[in-house]
file upload34.pdb (PDB, C-alpha atoms, pLDDT in the B column)
ATOM      1  CA  ARG A1110     -35.289 -66.754  67.033  1.00 70.00           C
ATOM      2  CA  ASP A1111     -36.498 -67.553  63.542  1.00 81.00           C
ATOM      3  CA  PRO A1112     -35.975 -64.485  61.345  1.00 86.00           C
ATOM      4  CA  HIS A1113     -36.303 -66.525  58.145  1.00 89.00           C
ATOM      5  CA  SER A1114     -39.894 -67.590  58.842  1.00 91.00           C
ATOM      6  CA  GLY A1115     -40.664 -64.016  59.872  1.00 90.00           C
ATOM      7  CA  LYS A1116     -39.266 -62.745  56.574  1.00 91.00           C
ATOM      8  CA  TRP A1117     -41.359 -65.286  54.646  1.00 93.00           C
ATOM      9  CA  ILE A1118     -44.506 -64.126  56.485  1.00 92.00           C
ATOM     10  CA  GLU A1119     -43.686 -60.464  55.744  1.00 92.00           C
ATOM     11  CA  ASP A1120     -43.199 -61.264  52.053  1.00 92.00           C
ATOM     12  CA  PHE A1121     -46.396 -63.311  51.964  1.00 93.00           C
ATOM     13  CA  LEU A1122     -48.415 -60.478  53.527  1.00 91.00           C
ATOM     14  CA  GLY A1123     -46.658 -57.785  51.492  1.00 89.00           C
ATOM     15  CA  LEU A1124     -45.565 -55.984  54.681  1.00 88.00           C
ATOM     16  CA  GLN A1125     -42.139 -55.041  55.980  1.00 88.00           C
ATOM     17  CA  ASN A1126     -40.703 -54.672  59.493  1.00 87.00           C
ATOM     18  CA  LEU A1127     -43.644 -56.333  61.225  1.00 82.00           C
ATOM     19  CA  GLY A1128     -41.441 -56.912  64.269  1.00 79.00           C
ATOM     20  CA  ASN A1129     -41.235 -53.139  64.744  1.00 81.00           C
ATOM     21  CA  TYR A1130     -44.826 -52.342  63.768  1.00 81.00           C
ATOM     22  CA  HIS A1131     -47.018 -50.891  66.514  1.00 77.00           C
ATOM     23  CA  GLY A1132     -50.555 -50.443  65.271  1.00 78.00           C
ATOM     24  CA  THR A1133     -53.794 -52.122  64.305  1.00 71.00           C
ATOM     25  CA  GLY A1134     -54.061 -51.299  60.606  1.00 78.00           C
ATOM     26  CA  ALA A1135     -51.378 -53.445  58.953  1.00 80.00           C
ATOM     27  CA  PHE A1136     -53.584 -56.125  57.386  1.00 79.00           C
ATOM     28  CA  ASP A1137     -55.335 -55.584  54.089  1.00 84.00           C
ATOM     29  CA  VAL A1138     -58.928 -56.135  55.233  1.00 83.00           C
ATOM     30  CA  SER A1139     -60.247 -56.306  51.669  1.00 88.00           C
ATOM     31  CA  ARG A1140     -57.843 -59.179  50.970  1.00 89.00           C
ATOM     32  CA  TYR A1141     -58.424 -60.787  54.404  1.00 90.00           C
ATOM     33  CA  PRO A1142     -61.962 -59.826  55.467  1.00 91.00           C
ATOM     34  CA  THR A1143     -62.357 -62.356  58.311  1.00 90.00           C
ATOM     35  CA  TRP A1144     -60.158 -63.269  61.272  1.00 84.00           C
ATOM     36  CA  ASP A1145     -59.233 -66.668  59.856  1.00 90.00           C
ATOM     37  CA  SER A1146     -58.821 -65.805  56.159  1.00 93.00           C
ATOM     38  CA  VAL A1147     -55.122 -64.919  56.442  1.00 92.00           C
ATOM     39  CA  LEU A1148     -54.411 -68.222  58.211  1.00 94.00           C
ATOM     40  CA  LEU A1149     -56.389 -70.254  55.684  1.00 95.00           C
ATOM     41  CA  ASP A1150     -54.619 -68.513  52.802  1.00 96.00           C
ATOM     42  CA  MET A1151     -51.242 -69.183  54.415  1.00 96.00           C
ATOM     43  CA  MET A1152     -52.070 -72.865  54.901  1.00 96.00           C
ATOM     44  CA  ARG A1153     -52.899 -73.195  51.201  1.00 96.00           C
ATOM     45  CA  GLN A1154     -49.419 -72.023  50.177  1.00 96.00           C
ATOM     46  CA  PRO A1155     -46.990 -74.707  48.955  1.00 96.00           C
ATOM     47  CA  ASN A1156     -43.850 -75.514  50.917  1.00 96.00           C
ATOM     48  CA  ASP A1157     -41.041 -73.170  50.015  1.00 94.00           C
ATOM     49  CA  LYS A1158     -37.293 -72.714  50.392  1.00 93.00           C
ATOM     50  CA  MET A1159     -35.332 -69.584  51.220  1.00 90.00           C
ATOM     51  CA  ILE A1160     -31.659 -69.301  50.389  1.00 89.00           C
ATOM     52  CA  VAL A1161     -29.766 -67.760  53.293  1.00 85.00           C
ATOM     53  CA  SER A1162     -26.237 -66.328  52.990  1.00 82.00           C
ATOM     54  CA  ALA A1163     -23.955 -66.337  56.009  1.00 76.00           C
ATOM     55  CA  LYS A1164     -20.401 -65.093  56.341  1.00 68.00           C
ATOM     56  CA  ARG A1165     -18.078 -68.055  56.763  1.00 67.00           C
ATOM     57  CA  ARG A1166     -14.816 -66.174  56.965  1.00 61.00           C
ATOM     58  CA  GLY A1167     -13.675 -62.614  56.537  1.00 56.00           C
ATOM     59  CA  ARG A1168     -12.735 -59.323  58.164  1.00 59.00           C
ATOM     60  CA  GLY A1169     -14.080 -59.045  61.692  1.00 58.00           C
ATOM     61  CA  HIS A1170     -15.514 -62.575  61.632  1.00 58.00           C
ATOM     62  CA  GLY A1171     -14.268 -65.735  63.290  1.00 60.00           C
ATOM     63  CA  GLY A1172     -11.572 -63.907  65.230  1.00 58.00           C
ATOM     64  CA  TRP A1173     -10.036 -62.252  62.163  1.00 62.00           C
ATOM     65  CA  SER A1174      -9.003 -58.609  62.275  1.00 67.00           C
ATOM     66  CA  LYS A1175     -11.468 -56.060  60.945  1.00 70.00           C
ATOM     67  CA  ASN A1176      -8.587 -54.050  59.469  1.00 71.00           C
ATOM     68  CA  ASN A1177      -6.931 -56.747  57.332  1.00 70.00           C
ATOM     69  CA  PRO A1178      -7.393 -55.626  53.679  1.00 69.00           C
ATOM     70  CA  TYR A1179      -5.925 -58.892  52.298  1.00 69.00           C
ATOM     71  CA  LEU A1180      -8.439 -61.206  53.937  1.00 67.00           C
ATOM     72  CA  GLU A1181     -11.123 -62.242  51.479  1.00 70.00           C
ATOM     73  CA  GLU A1182     -14.635 -62.573  52.728  1.00 70.00           C
ATOM     74  CA  ARG A1183     -16.238 -65.935  52.118  1.00 73.00           C
ATOM     75  CA  TRP A1184     -19.924 -66.591  52.244  1.00 76.00           C
ATOM     76  CA  VAL A1185     -21.831 -69.826  52.398  1.00 81.00           C
ATOM     77  CA  GLU A1186     -25.393 -70.266  51.136  1.00 88.00           C
ATOM     78  CA  PHE A1187     -27.779 -72.823  52.506  1.00 86.00           C
ATOM     79  CA  PRO A1188     -31.488 -73.531  52.021  1.00 91.00           C
ATOM     80  CA  ILE A1189     -34.082 -73.089  54.767  1.00 91.00           C
ATOM     81  CA  ASP A1190     -37.316 -75.047  54.428  1.00 94.00           C
ATOM     82  CA  ILE A1191     -40.492 -73.019  54.924  1.00 95.00           C
ATOM     83  CA  ARG A1192     -43.659 -74.972  55.640  1.00 96.00           C
ATOM     84  CA  PRO A1193     -46.595 -72.532  55.733  1.00 96.00           C
ATOM     85  CA  ALA A1194     -48.982 -74.986  57.417  1.00 96.00           C
ATOM     86  CA  SER A1195     -46.398 -75.463  60.167  1.00 96.00           C
ATOM     87  CA  LEU A1196     -46.092 -71.692  60.565  1.00 96.00           C
ATOM     88  CA  VAL A1197     -49.846 -71.483  61.143  1.00 96.00           C
ATOM     89  CA  GLN A1198     -49.534 -74.189  63.814  1.00 96.00           C
ATOM     90  CA  ARG A1199     -46.889 -72.047  65.511  1.00 95.00           C
ATOM     91  CA  LEU A1200     -48.980 -68.866  65.222  1.00 94.00           C
ATOM     92  CA  LEU A1201     -52.132 -70.310  66.792  1.00 94.00           C
ATOM     93  CA  PRO A1202     -50.763 -70.819  70.349  1.00 93.00           C
ATOM     94  CA  VAL A1203     -49.315 -67.291  70.291  1.00 90.00           C
ATOM     95  CA  ARG A1204     -52.684 -65.937  69.219  1.00 90.00           C
ATOM     96  CA  GLN A1205     -54.377 -67.939  71.966  1.00 92.00           C
ATOM     97  CA  GLN A1206     -52.037 -66.488  74.603  1.00 91.00           C
ATOM     98  CA  LEU A1207     -52.699 -62.970  73.325  1.00 90.00           C
ATOM     99  CA  ALA A1208     -56.463 -63.595  73.397  1.00 91.00           C
ATOM    100  CA  LEU A1209     -56.267 -64.712  77.039  1.00 91.00           C
ATOM    101  CA  GLU A1210     -54.207 -61.644  77.912  1.00 91.00           C
ATOM    102  CA  PHE A1211     -56.631 -59.352  76.063  1.00 92.00           C
ATOM    103  CA  GLN A1212     -59.507 -60.911  77.974  1.00 91.00           C
ATOM    104  CA  LYS A1213     -57.806 -59.998  81.272  1.00 88.00           C
ATOM    105  CA  ASP A1214     -56.658 -56.618  79.992  1.00 89.00           C
ATOM    106  CA  LEU A1215     -60.209 -55.652  79.008  1.00 91.00           C
ATOM    107  CA  GLN A1216     -61.058 -55.904  82.720  1.00 88.00           C
ATOM    108  CA  ILE A1217     -58.327 -53.335  83.385  1.00 85.00           C
ATOM    109  CA  VAL A1218     -59.741 -51.071  80.651  1.00 87.00           C
ATOM    110  CA  LYS A1219     -63.135 -51.297  82.351  1.00 87.00           C
ATOM    111  CA  ILE A1220     -61.632 -50.431  85.769  1.00 84.00           C
ATOM    112  CA  VAL A1221     -59.680 -47.481  84.352  1.00 83.00           C
ATOM    113  CA  ASP A1222     -62.694 -46.191  82.397  1.00 82.00           C
ATOM    114  CA  SER A1223     -64.716 -46.017  85.596  1.00 79.00           C
ATOM    115  CA  MET A1224     -62.007 -43.801  87.134  1.00 81.00           C
ATOM    116  CA  ILE A1225     -61.310 -41.395  84.241  1.00 80.00           C
ATOM    117  CA  MET A1226     -64.191 -38.960  84.766  1.00 80.00           C
ATOM    118  CA  ASP A1227     -63.751 -38.932  88.568  1.00 82.00           C
ATOM    119  CA  SER A1228     -60.065 -38.119  88.070  1.00 80.00           C
ATOM    120  CA  TYR A1229     -60.870 -35.375  85.566  1.00 81.00           C
ATOM    121  CA  PHE A1230     -63.458 -33.637  87.792  1.00 83.00           C
ATOM    122  CA  THR A1231     -61.149 -33.884  90.811  1.00 84.00           C
ATOM    123  CA  LYS A1232     -58.435 -32.056  88.849  1.00 81.00           C
ATOM    124  CA  VAL A1233     -60.944 -29.405  87.713  1.00 82.00           C
ATOM    125  CA  LYS A1234     -61.959 -28.757  91.335  1.00 85.00           C
ATOM    126  CA  GLU A1235     -58.340 -28.603  92.511  1.00 84.00           C
ATOM    127  CA  ASP A1236     -57.211 -26.113  89.849  1.00 82.00           C
ATOM    128  CA  PRO A1237     -59.947 -24.591  87.663  1.00 77.00           C
ATOM    129  CA  GLU A1238     -57.455 -22.414  85.730  1.00 78.00           C
ATOM    130  CA  SER A1239     -55.114 -25.131  84.390  1.00 75.00           C
ATOM    131  CA  ASP A1240     -55.390 -27.370  81.345  1.00 74.00           C
ATOM    132  CA  HIS A1241     -57.213 -30.387  82.632  1.00 65.00           C
ATOM    133  CA  ALA A1242     -56.395 -34.011  82.170  1.00 71.00           C
ATOM    134  CA  PHE A1243     -56.944 -37.217  84.060  1.00 66.00           C
ATOM    135  CA  ASP A1244     -54.516 -39.553  85.770  1.00 65.00           C
ATOM    136  CA  ARG A1245     -53.103 -42.114  83.355  1.00 68.00           C
ATOM    137  CA  ILE A1246     -53.003 -45.104  85.651  1.00 67.00           C
ATOM    138  CA  SER A1247     -53.677 -47.938  83.218  1.00 63.00           C
ATOM    139  CA  VAL A1248     -50.047 -49.115  82.914  1.00 61.00           C
ATOM    140  CA  ALA A1249     -49.620 -49.053  86.710  1.00 68.00           C
ATOM    141  CA  ILE A1250     -52.746 -51.169  87.103  1.00 69.00           C
ATOM    142  CA  LEU A1251     -51.469 -53.545  84.400  1.00 66.00           C
ATOM    143  CA  SER A1252     -48.154 -53.933  86.273  1.00 67.00           C
ATOM    144  CA  ASN A1253     -49.940 -54.698  89.541  1.00 65.00           C
ATOM    145  CA  PHE A1254     -52.334 -57.058  87.791  1.00 64.00           C
ATOM    146  CA  THR A1255     -49.600 -59.069  86.049  1.00 64.00           C
ATOM    147  CA  GLU A1256     -47.380 -59.413  89.141  1.00 62.00           C
ATOM    148  CA  PHE A1257     -49.834 -61.775  90.778  1.00 57.00           C
ATOM    149  CA  GLN A1258     -50.958 -63.868  87.833  1.00 65.00           C
ATOM    150  CA  GLU A1259     -50.090 -67.554  87.677  1.00 62.00           C
ATOM    151  CA  SER A1260     -48.719 -67.693  84.127  1.00 68.00           C
ATOM    152  CA  GLY A1261     -46.121 -65.452  82.493  1.00 74.00           C
ATOM    153  CA  SER A1262     -46.972 -62.653  80.114  1.00 79.00           C
ATOM    154  CA  SER A1263     -46.065 -62.532  76.451  1.00 82.00           C
ATOM    155  CA  PRO A1264     -42.918 -60.472  75.702  1.00 83.00           C
ATOM    156  CA  PHE A1265     -44.871 -57.509  74.317  1.00 82.00           C
ATOM    157  CA  ARG A1266     -47.619 -57.363  76.965  1.00 85.00           C
ATOM    158  CA  ARG A1267     -47.346 -53.618  77.613  1.00 84.00           C
ATOM    159  CA  GLY A1268     -47.274 -52.758  73.917  1.00 85.00           C
ATOM    160  CA  ASN A1269     -50.208 -55.082  73.275  1.00 87.00           C
ATOM    161  CA  PHE A1270     -52.117 -53.447  76.130  1.00 87.00           C
ATOM    162  CA  ASP A1271     -51.479 -50.039  74.566  1.00 86.00           C
ATOM    163  CA  LEU A1272     -52.849 -51.313  71.236  1.00 88.00           C
ATOM    164  CA  LEU A1273     -55.887 -52.848  72.918  1.00 90.00           C
ATOM    165  CA  TYR A1274     -56.567 -49.619  74.810  1.00 86.00           C
ATOM    166  CA  ASN A1275     -56.319 -47.560  71.605  1.00 86.00           C
ATOM    167  CA  LEU A1276     -58.437 -50.056  69.670  1.00 89.00           C
ATOM    168  CA  CYS A1277     -61.166 -49.837  72.329  1.00 90.00           C
ATOM    169  CA  THR A1278     -61.096 -46.035  72.074  1.00 89.00           C
ATOM    170  CA  GLN A1279     -61.240 -46.228  68.276  1.00 91.00           C
ATOM    171  CA  ALA A1280     -64.124 -48.741  68.284  1.00 92.00           C
ATOM    172  CA  SER A1281     -66.124 -46.719  70.816  1.00 93.00           C
ATOM    173  CA  THR A1282     -65.585 -43.505  68.839  1.00 94.00           C
ATOM    174  CA  HIS A1283     -66.758 -45.175  65.633  1.00 94.00           C
ATOM    175  CA  ARG A1284     -69.820 -46.550  67.414  1.00 96.00           C
ATOM    176  CA  LEU A1285     -70.690 -43.130  68.808  1.00 95.00           C
ATOM    177  CA  LEU A1286     -70.244 -41.534  65.371  1.00 95.00           C
ATOM    178  CA  ARG A1287     -72.627 -44.124  63.859  1.00 95.00           C
ATOM    179  CA  GLU A1288     -75.176 -43.452  66.599  1.00 96.00           C
ATOM    180  CA  PHE A1289     -74.969 -39.670  66.078  1.00 95.00           C
ATOM    181  CA  LYS A1290     -75.322 -40.091  62.319  1.00 94.00           C
ATOM    182  CA  ALA A1291     -78.353 -42.370  62.733  1.00 95.00           C
ATOM    183  CA  GLU A1292     -80.084 -39.746  64.890  1.00 95.00           C
ATOM    184  CA  GLY A1293     -79.869 -37.244  62.030  1.00 93.00           C
ATOM    185  CA  LYS A1294     -80.449 -33.516  62.570  1.00 93.00           C
ATOM    186  CA  VAL A1295     -80.814 -33.893  66.346  1.00 93.00           C
ATOM    187  CA  ARG A1296     -77.154 -34.900  66.672  1.00 93.00           C
ATOM    188  CA  GLU A1297     -75.689 -33.309  63.539  1.00 94.00           C
ATOM    189  CA  VAL A1298     -73.543 -30.752  65.396  1.00 94.00           C
ATOM    190  CA  SER A1299     -72.168 -33.405  67.772  1.00 94.00           C
ATOM    191  CA  PHE A1300     -71.494 -35.742  64.851  1.00 94.00           C
ATOM    192  CA  LEU A1301     -69.611 -33.103  62.834  1.00 94.00           C
ATOM    193  CA  TRP A1302     -67.562 -31.951  65.844  1.00 94.00           C
ATOM    194  CA  LEU A1303     -66.534 -35.481  66.870  1.00 93.00           C
ATOM    195  CA  ARG A1304     -65.714 -36.520  63.316  1.00 93.00           C
ATOM    196  CA  ARG A1305     -63.540 -33.426  62.822  1.00 93.00           C
ATOM    197  CA  PHE A1306     -61.876 -33.823  66.239  1.00 91.00           C
ATOM    198  CA  TYR A1307     -61.237 -37.539  65.785  1.00 85.00           C
TER     199      TYR A1307
END
call {"tool": "encode", "arguments": {"input": "upload34.pdb", "output": "structure tokens"}}
result
Amino acid sequence: RDPHSGKWIEDFLGLQNLGNYHGTGAFDVSRYPTWDSVLLDMMRQPNDKMIVSAKRRGRGHGGWSKNNPYLEERWVEFPIDIRPASLVQRLLPVRQQLALEFQKDLQIVKIVDSMIMDSYFTKVKEDPESDHAFDRISVAILSNFTEFQESGSSPFRRGNFDLLYNLCTQASTHRLLREFKAEGKVREVSFLWLRRFY
């Protein structure tokens, strides 16, 4: 709805195509070491203007033929005000909604985690010769969970759940690696295998 503010935020952060980014490693954590530092830095920025160009008249625009070689294209430029402090005010409610969804989605992660090993061992018993996996039921549980909630979900709920699920796996792997490393020689083989595998 507001691509101009989105473009300003991308330029401010030094990132491109944030709307299509699916991951957890976009922010420069040395530049923004705490959760609020990016917001505080944004709020300190002066008001700005972006000049936007829009086609006013030309081929294929405003009912004109796309194939008319004699029709000159005309563009109009107009300024868009960017108020960084206002952008932060708009970001905070979105962040709050995501936090509430993550809080609920962590319950789903906990439910699914309790079922993974049971699912794996059931598959091993059923067919000892095949490559084994476990049932990936987390998205189905998320769908059932969200159908009966009182408030609507954010537009990217499934994608956000995927990120949360991967982030939990990443955090738990890092924690286990730190524990293995702290135990020294006793866990050296496990530490080296997991670090190489991960």
call {"tool": "atom_distance", "arguments": {"input": "upload34.pdb", "atom1": "atom CA of A:Arg1192", "atom2": "atom CA of A:Asp1137"}}
result
22.7 Å
call {"tool": "closest_residue", "arguments": {"input": "upload34.pdb", "among": "A:Met1226, A:Val1295, A:Val1161, A:Leu1127", "to": "A:Val1185", "atoms": "only C-alpha atoms"}}
result
A:Val1161
call {"tool": "residues_around", "arguments": {"input": "upload34.pdb", "residues": "stretch 1275-1289 of chain A", "least_positions_apart": "6", "cutoff": "7 Å", "atoms": "only C-alpha atoms", "output": "PDB file with C-alpha atoms, keeping the file's coordinate frame"}}
result
ATOM      1  CA  ARG A1296     -77.154 -34.900  66.672  1.00 93.00           C
ATOM      2  CA  GLU A1297     -75.689 -33.309  63.539  1.00 94.00           C
ATOM      3  CA  PHE A1300     -71.494 -35.742  64.851  1.00 94.00           C
TER       4      PHE A1300
END
call {"tool": "atom_distance", "arguments": {"input": "upload34.pdb", "atom1": "atom CA of A:His1131", "atom2": "atom CA of A:Phe1211"}}
result
16.0 Å
call {"tool": "atom_distance", "arguments": {"input": "upload34.pdb", "atom1": "atom CA of A:Arg1267", "atom2": "atom CA of A:Ile1217"}}
result
12.4 Å
call {"tool": "resolve_selection", "arguments": {"input": "upload34.pdb", "expression": "the PyMOL selection byres ((chain A and resi 1128) around 10)", "output": "PyMOL selection string"}}
result
chain A and resi 1112+1115-1116+1119+1125-1127+1129-1131
call {"tool": "residues_around", "arguments": {"input": "upload34.pdb", "residues": "A:Phe1121", "least_positions_apart": "4", "cutoff": "10 Å", "atoms": "only C-alpha atoms", "output": "PDB file with C-alpha atoms, in the frame of the given file"}}
result
ATOM      1  CA  GLY A1115     -40.664 -64.016  59.872  1.00 90.00           C
ATOM      2  CA  LYS A1116     -39.266 -62.745  56.574  1.00 91.00           C
ATOM      3  CA  TRP A1117     -41.359 -65.286  54.646  1.00 93.00           C
ATOM      4  CA  VAL A1147     -55.122 -64.919  56.442  1.00 92.00           C
ATOM      5  CA  ASP A1150     -54.619 -68.513  52.802  1.00 96.00           C
ATOM      6  CA  MET A1151     -51.242 -69.183  54.415  1.00 96.00           C
ATOM      7  CA  GLN A1154     -49.419 -72.023  50.177  1.00 96.00           C
ATOM      8  CA  PRO A1193     -46.595 -72.532  55.733  1.00 96.00           C
TER       9      PRO A1193
END
call {"tool": "residues_around", "arguments": {"input": "upload34.pdb", "residues": "A:Leu1148", "least_positions_apart": "3", "cutoff": "10 Å", "atoms": "only C-alpha atoms", "output": "PyMOL selection string"}}
result
chain A and resi 1141+1143-1145+1151-1153+1193-1194+1196-1198+1200-1201
call {"tool": "write_last_selection", "arguments": {"input": "upload34.pdb", "atoms": "C-alpha atoms", "output": "CSV table (one decimal), in the coordinates of the input"}}
result
chain,number,residue,atom,x,y,z
A,1141,TYR,CA,-58.4,-60.8,54.4
A,1143,THR,CA,-62.4,-62.4,58.3
A,1144,TRP,CA,-60.2,-63.3,61.3
A,1145,ASP,CA,-59.2,-66.7,59.9
A,1151,MET,CA,-51.2,-69.2,54.4
A,1152,MET,CA,-52.1,-72.9,54.9
A,1153,ARG,CA,-52.9,-73.2,51.2
A,1193,PRO,CA,-46.6,-72.5,55.7
A,1194,ALA,CA,-49.0,-75.0,57.4
A,1196,LEU,CA,-46.1,-71.7,60.6
A,1197,VAL,CA,-49.8,-71.5,61.1
A,1198,GLN,CA,-49.5,-74.2,63.8
A,1200,LEU,CA,-49.0,-68.9,65.2
A,1201,LEU,CA,-52.1,-70.3,66.8
call {"tool": "resolve_selection", "arguments": {"input": "upload34.pdb", "expression": "the PyMOL selection byres ((chain A and resi 1215) around 12)", "output": "list in words"}}
result
Leu1207, Ala1208, Leu1209, Glu1210, Phe1211, Gln1212, Lys1213, Asp1214, Gln1216, Ile1217, Val1218, Lys1219, Ile1220, Val1221, Asp1222, Ser1247, Ile1250, Leu1251, Phe1254, Asn1269, Phe1270, Asp1271, Leu1272, Leu1273, Tyr1274, Asn1275, Leu1276, Cys1277 and Thr1278 of chain A
